[in-house]
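Okay, entry14.pdb now, which holds PDB, C-alpha atoms and all ligand atoms:
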```pdb
ATOM      1  CA  GLN Q   1      55.443 -66.807 -26.161
ATOM      2  CA  ASN Q   2      54.990 -63.799 -23.891
ATOM      3  CA  TYR Q   3      52.923 -60.792 -24.892
ATOM      4  CA  GLN Q   4      52.793 -57.246 -23.572
ATOM      5  CA  VAL Q   5      49.385 -55.598 -23.531
ATOM      6  CA  ALA Q   6      49.203 -51.794 -23.606
ATOM      7  CA  LEU Q   7      46.517 -50.876 -21.078
ATOM      8  CA  ILE Q   8      44.712 -47.616 -21.815
ATOM      9  CA  VAL Q   9      42.315 -46.432 -19.104
ATOM     10  CA  GLY Q  10      40.021 -43.591 -20.187
ATOM     11  CA  SER Q  11      39.700 -42.016 -16.728
ATOM     12  CA  LEU Q  12      42.232 -39.901 -14.851
ATOM     13  CA  ARG Q  13      40.242 -40.071 -11.612
ATOM     14  CA  ARG Q  14      42.154 -41.339  -8.585
ATOM     15  CA  GLU Q  15      39.381 -43.704  -7.481
ATOM     16  CA  SER Q  16      38.420 -44.615 -11.043
ATOM     17  CA  LEU Q  17      36.073 -47.589 -11.296
ATOM     18  CA  ASN Q  18      37.506 -48.291 -14.715
ATOM     19  CA  ARG Q  19      41.042 -48.468 -13.341
ATOM     20  CA  GLN Q  20      39.742 -50.905 -10.709
ATOM     21  CA  LEU Q  21      38.140 -52.898 -13.511
ATOM     22  CA  ALA Q  22      41.471 -53.014 -15.339
ATOM     23  CA  GLY Q  23      43.137 -54.216 -12.138
ATOM     24  CA  ALA Q  24      40.613 -57.017 -11.702
ATOM     25  CA  VAL Q  25      41.094 -58.115 -15.322
ATOM     26  CA  MET Q  26      44.877 -58.178 -14.843
ATOM     27  CA  ARG Q  27      44.381 -60.595 -11.963
ATOM     28  CA  LEU Q  28      42.643 -63.035 -14.294
ATOM     29  CA  ALA Q  29      45.413 -62.985 -16.906
ATOM     30  CA  PRO Q  30      47.952 -65.813 -17.177
ATOM     31  CA  ASP Q  31      51.657 -65.224 -16.566
ATOM     32  CA  TRP Q  32      52.511 -65.107 -20.286
ATOM     33  CA  ILE Q  33      50.731 -61.747 -20.419
ATOM     34  CA  SER Q  34      52.224 -58.570 -18.989
ATOM     35  CA  PHE Q  35      50.506 -55.188 -18.921
ATOM     36  CA  LYS Q  36      51.998 -51.788 -19.637
ATOM     37  CA  ALA Q  37      49.874 -48.971 -18.234
ATOM     38  CA  ILE Q  38      49.814 -46.198 -20.816
ATOM     39  CA  GLU Q  39      49.930 -42.765 -19.192
ATOM     40  CA  ILE Q  40      47.561 -40.333 -20.904
ATOM     41  CA  GLY Q  41      47.043 -37.674 -18.224
ATOM     42  CA  ASP Q  42      50.123 -35.607 -19.062
ATOM     43  CA  LEU Q  43      49.688 -35.498 -22.828
ATOM     44  CA  PRO Q  44      49.264 -32.022 -24.322
ATOM     45  CA  LEU Q  45      46.111 -31.320 -26.283
ATOM     46  CA  TYR Q  46      46.718 -32.663 -29.749
ATOM     47  CA  ASN Q  47      47.826 -29.968 -32.192
ATOM     48  CA  GLN Q  48      48.847 -30.916 -35.707
ATOM     49  CA  ASP Q  49      51.470 -28.150 -35.670
ATOM     50  CA  ASP Q  50      53.453 -30.248 -33.184
ATOM     51  CA  ASP Q  51      53.653 -33.388 -35.364
ATOM     52  CA  ALA Q  52      57.234 -32.613 -36.363
ATOM     53  CA  LYS Q  53      58.324 -32.019 -32.768
ATOM     54  CA  PRO Q  54      56.211 -34.162 -30.437
ATOM     55  CA  ALA Q  55      56.355 -33.576 -26.671
ATOM     56  CA  ALA Q  56      58.228 -36.079 -24.508
ATOM     57  CA  ALA Q  57      54.935 -37.460 -23.187
ATOM     58  CA  VAL Q  58      53.785 -38.127 -26.741
ATOM     59  CA  GLN Q  59      57.033 -39.880 -27.632
ATOM     60  CA  ARG Q  60      56.666 -42.018 -24.499
ATOM     61  CA  LEU Q  61      53.093 -42.981 -25.431
ATOM     62  CA  ARG Q  62      54.186 -43.935 -28.931
ATOM     63  CA  ALA Q  63      57.137 -45.995 -27.652
ATOM     64  CA  ASP Q  64      55.049 -47.784 -25.012
ATOM     65  CA  VAL Q  65      52.379 -48.766 -27.522
ATOM     66  CA  GLN Q  66      54.931 -49.776 -30.139
ATOM     67  CA  ALA Q  67      56.611 -52.062 -27.591
ATOM     68  CA  SER Q  68      53.278 -53.818 -26.964
ATOM     69  CA  GLN Q  69      51.724 -56.542 -29.086
ATOM     70  CA  ALA Q  70      48.115 -55.893 -28.091
ATOM     71  CA  LEU Q  71      45.787 -53.247 -26.662
ATOM     72  CA  LEU Q  72      43.218 -53.174 -23.878
ATOM     73  CA  PHE Q  73      40.924 -50.149 -23.580
ATOM     74  CA  VAL Q  74      38.989 -49.741 -20.333
ATOM     75  CA  THR Q  75      36.924 -46.607 -20.409
ATOM     76  CA  PRO Q  76      34.073 -44.749 -18.782
ATOM     77  CA  GLU Q  77      31.263 -43.182 -20.753
ATOM     78  CA  TYR Q  78      31.120 -39.397 -20.712
ATOM     79  CA  ASN Q  79      27.975 -37.888 -22.179
ATOM     80  CA  ARG Q  80      27.289 -40.947 -24.324
ATOM     81  CA  SER Q  81      30.778 -41.058 -25.769
ATOM     82  CA  ILE Q  82      34.378 -41.606 -24.705
ATOM     83  CA  PRO Q  83      36.177 -39.066 -22.493
ATOM     84  CA  GLY Q  84      38.112 -36.380 -24.336
ATOM     85  CA  VAL Q  85      41.347 -37.454 -22.648
ATOM     86  CA  LEU Q  86      41.064 -40.859 -24.293
ATOM     87  CA  LYS Q  87      40.285 -39.443 -27.735
ATOM     88  CA  ASN Q  88      43.224 -37.065 -27.314
ATOM     89  CA  ALA Q  89      45.555 -39.996 -26.596
ATOM     90  CA  ILE Q  90      44.243 -41.974 -29.554
ATOM     91  CA  ASP Q  91      44.702 -38.968 -31.834
ATOM     92  CA  HIS Q  92      48.292 -38.498 -30.626
ATOM     93  CA  GLY Q  93      49.158 -42.129 -31.337
ATOM     94  CA  SER Q  94      47.587 -41.971 -34.789
ATOM     95  CA  ARG Q  95      49.870 -39.263 -36.162
ATOM     96  CA  PRO Q  96      51.872 -38.265 -38.187
ATOM     97  CA  SER Q  97      49.852 -39.692 -41.047
ATOM     98  CA  GLY Q  98      51.109 -43.160 -41.943
ATOM     99  CA  GLN Q  99      52.892 -43.593 -38.606
ATOM    100  CA  SER Q 100      50.018 -44.660 -36.382
ATOM    101  CA  VAL Q 101      51.088 -46.871 -33.490
ATOM    102  CA  TRP Q 102      47.638 -48.473 -33.214
ATOM    103  CA  ALA Q 103      47.328 -50.247 -36.545
ATOM    104  CA  SER Q 104      47.074 -54.049 -36.561
ATOM    105  CA  LYS Q 105      47.332 -54.444 -32.769
ATOM    106  CA  PRO Q 106      44.587 -56.753 -31.509
ATOM    107  CA  ALA Q 107      42.414 -55.001 -28.971
ATOM    108  CA  GLY Q 108      39.784 -55.574 -26.342
ATOM    109  CA  LEU Q 109      37.330 -53.082 -24.921
ATOM    110  CA  LEU Q 110      35.697 -52.912 -21.495
ATOM    111  CA  GLY Q 111      33.930 -50.353 -19.375
ATOM    112  CA  VAL Q 112      32.037 -49.875 -16.149
ATOM    113  CA  SER Q 113      29.515 -47.239 -15.186
ATOM    114  CA  PRO Q 114      27.282 -46.616 -12.202
ATOM    115  CA  GLY Q 115      24.419 -46.289 -14.695
ATOM    116  CA  ALA Q 116      22.474 -49.083 -16.345
ATOM    117  CA  VAL Q 117      23.817 -48.258 -19.805
ATOM    118  CA  GLY Q 118      27.128 -49.673 -18.592
ATOM    119  CA  THR Q 119      29.216 -47.680 -21.112
ATOM    120  CA  ALA Q 120      27.512 -49.289 -24.129
ATOM    121  CA  ALA Q 121      27.222 -45.997 -25.995
ATOM    122  CA  ALA Q 122      30.865 -45.064 -25.336
ATOM    123  CA  GLN Q 123      32.027 -48.484 -26.450
ATOM    124  CA  GLN Q 124      30.096 -48.183 -29.686
ATOM    125  CA  HIS Q 125      31.737 -44.818 -30.384
ATOM    126  CA  LEU Q 126      35.177 -46.192 -29.609
ATOM    127  CA  ARG Q 127      34.569 -49.079 -32.021
ATOM    128  CA  ASN Q 128      33.983 -46.521 -34.727
ATOM    129  CA  VAL Q 129      37.249 -44.711 -33.972
ATOM    130  CA  LEU Q 130      39.379 -47.840 -33.714
ATOM    131  CA  SER Q 131      37.946 -49.310 -36.872
ATOM    132  CA  CYS Q 132      39.173 -46.322 -38.876
ATOM    133  CA  LEU Q 133      42.613 -46.862 -37.301
ATOM    134  CA  ASP Q 134      42.784 -50.453 -38.569
ATOM    135  CA  VAL Q 135      42.674 -51.913 -35.048
ATOM    136  CA  PRO Q 136      41.364 -55.492 -34.985
ATOM    137  CA  LEU Q 137      38.977 -55.044 -32.085
ATOM    138  CA  MET Q 138      37.357 -58.146 -30.607
ATOM    139  CA  PRO Q 139      33.699 -57.942 -31.684
ATOM    140  CA  ALA Q 140      32.307 -60.255 -29.013
ATOM    141  CA  PRO Q 141      31.733 -61.016 -26.258
ATOM    142  CA  GLU Q 142      30.968 -57.491 -25.156
ATOM    143  CA  ALA Q 143      30.937 -56.476 -21.500
ATOM    144  CA  PHE Q 144      28.937 -53.542 -20.185
ATOM    145  CA  LEU Q 145      29.465 -53.559 -16.460
ATOM    146  CA  GLN Q 146      27.339 -51.728 -13.952
ATOM    147  CA  ALA Q 147      29.063 -50.679 -10.738
ATOM    148  CA  GLN Q 148      27.037 -52.422  -8.062
ATOM    149  CA  PRO Q 149      28.062 -53.557  -4.596
ATOM    150  CA  GLY Q 150      30.023 -56.791  -4.920
ATOM    151  CA  LEU Q 151      31.386 -56.095  -8.410
ATOM    152  CA  PHE Q 152      34.871 -56.224  -6.887
ATOM    153  CA  ASP Q 153      35.978 -58.220  -3.880
ATOM    154  CA  ALA Q 154      38.096 -56.897  -1.006
ATOM    155  CA  ASP Q 155      41.350 -57.847  -2.781
ATOM    156  CA  GLY Q 156      40.546 -55.968  -5.978
ATOM    157  CA  GLY Q 157      39.477 -59.051  -7.908
ATOM    158  CA  PHE Q 158      36.012 -59.656  -9.345
ATOM    159  CA  GLY Q 159      33.186 -60.509  -6.993
ATOM    160  CA  ALA Q 160      31.387 -63.836  -7.291
ATOM    161  CA  SER Q 161      28.531 -62.386  -9.368
ATOM    162  CA  VAL Q 162      30.731 -61.522 -12.361
ATOM    163  CA  LYS Q 163      33.881 -63.587 -11.966
ATOM    164  CA  ASP Q 164      32.882 -66.425 -14.329
ATOM    165  CA  LEU Q 165      31.607 -63.986 -16.917
ATOM    166  CA  MET Q 166      34.825 -61.978 -16.837
ATOM    167  CA  GLN Q 167      37.003 -65.089 -16.879
ATOM    168  CA  ARG Q 168      35.250 -66.101 -20.100
ATOM    169  CA  TRP Q 169      35.761 -62.603 -21.503
ATOM    170  CA  VAL Q 170      39.483 -62.814 -20.727
ATOM    171  CA  GLU Q 171      39.745 -66.234 -22.381
ATOM    172  CA  HIS Q 172      38.112 -64.897 -25.550
ATOM    173  CA  TYR Q 173      40.397 -61.864 -25.473
ATOM    174  CA  LEU Q 174      43.527 -64.008 -25.151
ATOM    175  CA  ALA Q 175      42.418 -66.176 -28.073
ATOM    176  CA  TRP Q 176      41.760 -63.030 -30.123
ATOM    177  CA  LEU Q 177      45.175 -61.651 -29.175
ATOM    178  CA  LYS Q 178      46.992 -64.827 -30.216
ATOM    179  CA  ARG Q 179      45.090 -65.031 -33.486
ATOM    180  CA  HIS Q 180      45.929 -61.471 -34.510
ATOM    181  CA  ALA Q 181      49.245 -60.641 -32.842
ATOM    182  CA  ASP Q 182      51.492 -62.966 -34.838
TER     183      ASP Q 182
HETATM  184  C1  LIG Q 201      29.562 -39.142 -16.588
HETATM  185  N1  LIG Q 201      28.957 -40.357 -16.271
HETATM  186  C2  LIG Q 201      28.224 -41.032 -17.243
HETATM  187  N2  LIG Q 201      27.838 -42.357 -17.060
HETATM  188  C3  LIG Q 201      27.197 -43.026 -18.057
HETATM  189  O1  LIG Q 201      26.895 -44.208 -17.895
HETATM  190  N3  LIG Q 201      26.859 -42.407 -19.224
HETATM  191  C4  LIG Q 201      27.201 -41.112 -19.470
HETATM  192  O2  LIG Q 201      26.901 -40.603 -20.551
HETATM  193  C5  LIG Q 201      27.905 -40.384 -18.457
HETATM  194  N4  LIG Q 201      28.303 -39.093 -18.654
HETATM  195  C6  LIG Q 201      29.218 -38.500 -17.793
HETATM  196  C7  LIG Q 201      29.819 -37.305 -18.139
HETATM  197  C8  LIG Q 201      30.800 -36.751 -17.325
HETATM  198  C9  LIG Q 201      31.503 -35.484 -17.739
HETATM  199  C10 LIG Q 201      31.156 -37.413 -16.109
HETATM  200  C11 LIG Q 201      32.220 -36.818 -15.213
HETATM  201  C12 LIG Q 201      30.544 -38.557 -15.759
HETATM  202  C13 LIG Q 201      29.193 -40.993 -14.972
HETATM  203  C14 LIG Q 201      30.424 -41.893 -15.026
HETATM  204  O3  LIG Q 201      30.049 -43.139 -15.538
HETATM  205  C15 LIG Q 201      31.002 -42.056 -13.611
HETATM  206  O4  LIG Q 201      31.448 -40.811 -13.132
HETATM  207  C16 LIG Q 201      32.141 -43.072 -13.597
HETATM  208  O5  LIG Q 201      32.493 -43.354 -12.270
HETATM  209  C17 LIG Q 201      33.351 -42.545 -14.365
HETATM  210  O6  LIG Q 201      34.313 -43.553 -14.511
HETATM  211  P1  LIG Q 201      35.577 -43.681 -13.518
HETATM  212  O7  LIG Q 201      36.245 -42.365 -13.433
HETATM  213  O8  LIG Q 201      35.018 -44.119 -12.198
HETATM  214  O9  LIG Q 201      36.433 -44.755 -14.143
END
```
Please lay out the structure from this file as structure tokens.
Ligand code: FNR
Amino acid sequence: QNYQVALIVGSLRRESLNRQLAGAVMRLAPDWISFKAIEIGDLPLYNQDDDAKPAAAVQRLRADVQASQALLFVTPEYNRSIPGVLKNAIDHGSRPSGQSVWASKPAGLLGVSPGAVGTAAAQQHLRNVLSCLDVPLMPAPEAFLQAQPGLFDADGGFGASVKDLMQRWVEHYLAWLKRHAD
């Protein structure tokens, strides 16, 4: 069976390390997995007044997530939490009440930072948010990546220092996905 994974990157930056991380993970995935990049940069700021008449960008986000069987969040840490743009997207998908697109979709969580914390604090916050949205989020293994020379190779894959580790992470994620998607 083939699965589509909704890929949500928490950075809008052109040269985003986290987008590069997502790209390297995609290269490790087998051909029965496809990825749908979820656009979050053009979403309006969430306003509950608009629930009855959501913007086109919001409808697109909802449709793209609904068409996916699993979720992959790859996010930077901003001030010890997740970026506002990511929280905004999650809030949009969670409403109107009772019509959340996130519920029950198995999810994985990754992040990379130039700092030694490696997005651990942001990931912990995101776990809190996704838990309240009934998202079965893979508890372990966790991956807190520090952006060091050699993290990625010249082709956009993982460098030798992390490749085995990330291959194991992907294998765990795929097992988690299969267990919870059906
Ligand atoms: C950061 N950065 C950062 N890094 C970190 O490890 N912990 C943190 O709390 C923060 N806080 C923070 C706040 C704001 C507003 C910015 C812009 C940046 C640094 C951050 O990890 C770095 O800019 C990454 O490169 C951002 O991820 P992308 O855009 O490369 O994916």
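What the PyMOL selection byres (((chain Q and resi 167) around 12) and not hetatm) picks from this file is Ala24, Val25, Met26, Arg27, Leu28, Ala29, Pro30, Pro141, Ala143, Gly157, Phe158, Gly159, Ala160, Ser161, Val162, Lys163, Asp164, Leu165, Met166, Arg168, Trp169, Val170, Glu171, His172, Tyr173 and Leu174 of chain Q.
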> Could you list, as a PyMOL selection string, all the residues within 8 Å of ligand LIG 201 (chain Q), counting only C-alpha atoms and all ligand atoms?
Replying inline: chain Q and resi 9-20+75-81+83+112-119+121-122
inquiry  = Can you measure CA of Leu72 (chain Q) to CA of Gln48 (chain Q) for me? One decimal in Å is fine.
reply    =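 Between CA of Leu72 (chain Q) and CA of Gln48 (chain Q) the gap works out to 25.8 Å.
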Counting only C-alpha atoms, which residue out of Q:Asp49, Q:Val74, Q:Ala63, Q:Leu21 sits closest to Ile8 (chain Q)?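 When distances to Ile8 (chain Q) are compared using only C-alpha atoms, the smallest one comes from Q:Val74.
Those residues that approach Leu137 (chain Q) to within 6 Å, counting only C-alpha atoms, are Q:Pro106, Q:Ala107, Q:Gly108; same-chain residues fewer than 6 positions away are not listed.
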Selection file, C-alpha atoms, as a CSV table (one decimal), in the frame of the given file:
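After the write, again-v2.csv holds the following:
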```
chain,number,residue,atom,x,y,z
Q,106,PRO,CA,44.6,-56.8,-31.5
Q,107,ALA,CA,42.4,-55.0,-29.0
Q,108,GLY,CA,39.8,-55.6,-26.3
```
re CA of Asp51 (chain Q) and CA of Leu7 (chain Q): distance 23.7 Å
Can you translate the PyMOL selection byres (((chain Q and resi 94) around 12) and not hetatm) into the concrete residues it hits in this file, as a short mmCIF file (atom, residue, chain, number, x, y, z; two decimals) with C-alpha atoms, in the coordinates of the input?
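Saved as selection.cif:
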```cif
data_model
loop_
_atom_site.label_atom_id
_atom_site.label_comp_id
_atom_site.auth_asym_id
_atom_site.auth_seq_id
_atom_site.Cartn_x
_atom_site.Cartn_y
_atom_site.Cartn_z
CA TYR Q 46 46.72 -32.66 -29.75
CA GLN Q 48 48.85 -30.92 -35.71
CA ASP Q 51 53.65 -33.39 -35.36
CA VAL Q 58 53.78 -38.13 -26.74
CA LEU Q 61 53.09 -42.98 -25.43
CA ARG Q 62 54.19 -43.94 -28.93
CA VAL Q 65 52.38 -48.77 -27.52
CA GLN Q 66 54.93 -49.78 -30.14
CA LYS Q 87 40.28 -39.44 -27.74
CA ASN Q 88 43.22 -37.06 -27.31
CA ALA Q 89 45.56 -40.00 -26.60
CA ILE Q 90 44.24 -41.97 -29.55
CA ASP Q 91 44.70 -38.97 -31.83
CA HIS Q 92 48.29 -38.50 -30.63
CA GLY Q 93 49.16 -42.13 -31.34
CA ARG Q 95 49.87 -39.26 -36.16
CA PRO Q 96 51.87 -38.26 -38.19
CA SER Q 97 49.85 -39.69 -41.05
CA GLY Q 98 51.11 -43.16 -41.94
CA GLN Q 99 52.89 -43.59 -38.61
CA SER Q 100 50.02 -44.66 -36.38
CA VAL Q 101 51.09 -46.87 -33.49
CA TRP Q 102 47.64 -48.47 -33.21
CA ALA Q 103 47.33 -50.25 -36.54
CA VAL Q 129 37.25 -44.71 -33.97
CA LEU Q 130 39.38 -47.84 -33.71
CA CYS Q 132 39.17 -46.32 -38.88
CA LEU Q 133 42.61 -46.86 -37.30
CA ASP Q 134 42.78 -50.45 -38.57
CA VAL Q 135 42.67 -51.91 -35.05
#
```
inquiry  = Can you spell out as a ChimeraX atom specification the set of residues that the PyMOL selection byres (((chain Q and resi 40) around 8) and not hetatm) selects in the structure I just provided?
reply    = /Q:8,38-39,41-43,61,85-86,89
Between Q:Gly156, Q:Pro149, Q:Pro139, Q:Pro54, which residue has the minimum interatomic distance to Gln124 (chain Q), considering only C-alpha atoms?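 Closest to Gln124 (chain Q), using only C-alpha atoms: Q:Pro139.
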Could you write region 18-39 of chain Q as a PDB file, keeping the file's coordinate frame, with N, CA and C atoms rebuilt where they are missing?
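Final output, result.pdb:
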```
ATOM      1  N   ASN Q  18      36.957 -47.620 -13.535  1.00  0.00           N
ATOM      2  CA  ASN Q  18      37.506 -48.291 -14.715  1.00  0.00           C
ATOM      3  C   ASN Q  18      38.938 -48.752 -14.487  1.00  0.00           C
ATOM      4  N   ARG Q  19      39.696 -48.002 -13.684  1.00  0.00           N
ATOM      5  CA  ARG Q  19      41.042 -48.468 -13.341  1.00  0.00           C
ATOM      6  C   ARG Q  19      40.944 -49.712 -12.443  1.00  0.00           C
ATOM      7  N   GLN Q  20      39.958 -49.705 -11.540  1.00  0.00           N
ATOM      8  CA  GLN Q  20      39.742 -50.905 -10.709  1.00  0.00           C
ATOM      9  C   GLN Q  20      39.361 -52.104 -11.577  1.00  0.00           C
ATOM     10  N   LEU Q  21      38.537 -51.829 -12.585  1.00  0.00           N
ATOM     11  CA  LEU Q  21      38.140 -52.898 -13.511  1.00  0.00           C
ATOM     12  C   LEU Q  21      39.376 -53.461 -14.221  1.00  0.00           C
ATOM     13  N   ALA Q  22      40.244 -52.563 -14.674  1.00  0.00           N
ATOM     14  CA  ALA Q  22      41.471 -53.014 -15.339  1.00  0.00           C
ATOM     15  C   ALA Q  22      42.304 -53.872 -14.387  1.00  0.00           C
ATOM     16  N   GLY Q  23      42.373 -53.455 -13.130  1.00  0.00           N
ATOM     17  CA  GLY Q  23      43.137 -54.216 -12.138  1.00  0.00           C
ATOM     18  C   GLY Q  23      42.568 -55.609 -11.930  1.00  0.00           C
ATOM     19  N   ALA Q  24      41.248 -55.705 -11.902  1.00  0.00           N
ATOM     20  CA  ALA Q  24      40.613 -57.017 -11.702  1.00  0.00           C
ATOM     21  C   ALA Q  24      40.841 -57.919 -12.915  1.00  0.00           C
ATOM     22  N   VAL Q  25      40.830 -57.329 -14.111  1.00  0.00           N
ATOM     23  CA  VAL Q  25      41.094 -58.115 -15.322  1.00  0.00           C
ATOM     24  C   VAL Q  25      42.535 -58.626 -15.308  1.00  0.00           C
ATOM     25  N   MET Q  26      43.464 -57.767 -14.889  1.00  0.00           N
ATOM     26  CA  MET Q  26      44.877 -58.178 -14.843  1.00  0.00           C
ATOM     27  C   MET Q  26      45.059 -59.393 -13.950  1.00  0.00           C
ATOM     28  N   ARG Q  27      44.270 -59.457 -12.885  1.00  0.00           N
ATOM     29  CA  ARG Q  27      44.381 -60.595 -11.963  1.00  0.00           C
ATOM     30  C   ARG Q  27      43.929 -61.909 -12.591  1.00  0.00           C
ATOM     31  N   LEU Q  28      43.126 -61.813 -13.635  1.00  0.00           N
ATOM     32  CA  LEU Q  28      42.643 -63.035 -14.294  1.00  0.00           C
ATOM     33  C   LEU Q  28      43.568 -63.495 -15.413  1.00  0.00           C
ATOM     34  N   ALA Q  29      44.561 -62.666 -15.748  1.00  0.00           N
ATOM     35  CA  ALA Q  29      45.413 -62.985 -16.906  1.00  0.00           C
ATOM     36  C   ALA Q  29      46.503 -63.981 -16.517  1.00  0.00           C
ATOM     37  N   PRO Q  30      46.881 -64.841 -17.444  1.00  0.00           N
ATOM     38  CA  PRO Q  30      47.952 -65.813 -17.177  1.00  0.00           C
ATOM     39  C   PRO Q  30      49.317 -65.133 -17.156  1.00  0.00           C
ATOM     40  N   ASP Q  31      50.349 -65.872 -16.759  1.00  0.00           N
ATOM     41  CA  ASP Q  31      51.657 -65.224 -16.566  1.00  0.00           C
ATOM     42  C   ASP Q  31      52.398 -64.959 -17.873  1.00  0.00           C
ATOM     43  N   TRP Q  32      51.861 -65.437 -19.013  1.00  0.00           N
ATOM     44  CA  TRP Q  32      52.511 -65.107 -20.286  1.00  0.00           C
ATOM     45  C   TRP Q  32      52.028 -63.764 -20.837  1.00  0.00           C
ATOM     46  N   ILE Q  33      51.193 -63.089 -20.052  1.00  0.00           N
ATOM     47  CA  ILE Q  33      50.731 -61.747 -20.419  1.00  0.00           C
ATOM     48  C   ILE Q  33      51.268 -60.757 -19.393  1.00  0.00           C
ATOM     49  N   SER Q  34      51.891 -59.673 -19.888  1.00  0.00           N
ATOM     50  CA  SER Q  34      52.224 -58.570 -18.989  1.00  0.00           C
ATOM     51  C   SER Q  34      51.487 -57.322 -19.485  1.00  0.00           C
ATOM     52  N   PHE Q  35      51.256 -56.397 -18.582  1.00  0.00           N
ATOM     53  CA  PHE Q  35      50.506 -55.188 -18.921  1.00  0.00           C
ATOM     54  C   PHE Q  35      51.399 -53.972 -18.765  1.00  0.00           C
ATOM     55  N   LYS Q  36      51.308 -53.072 -19.718  1.00  0.00           N
ATOM     56  CA  LYS Q  36      51.998 -51.788 -19.637  1.00  0.00           C
ATOM     57  C   LYS Q  36      50.934 -50.696 -19.558  1.00  0.00           C
ATOM     58  N   ALA Q  37      50.861 -50.045 -18.396  1.00  0.00           N
ATOM     59  CA  ALA Q  37      49.874 -48.971 -18.234  1.00  0.00           C
ATOM     60  C   ALA Q  37      50.324 -47.762 -19.049  1.00  0.00           C
ATOM     61  N   ILE Q  38      49.485 -47.334 -19.962  1.00  0.00           N
ATOM     62  CA  ILE Q  38      49.814 -46.198 -20.816  1.00  0.00           C
ATOM     63  C   ILE Q  38      49.327 -44.920 -20.129  1.00  0.00           C
ATOM     64  N   GLU Q  39      50.267 -44.034 -19.856  1.00  0.00           N
ATOM     65  CA  GLU Q  39      49.930 -42.765 -19.192  1.00  0.00           C
ATOM     66  C   GLU Q  39      49.346 -41.800 -20.219  1.00  0.00           C
TER      67      GLU Q  39
END
```
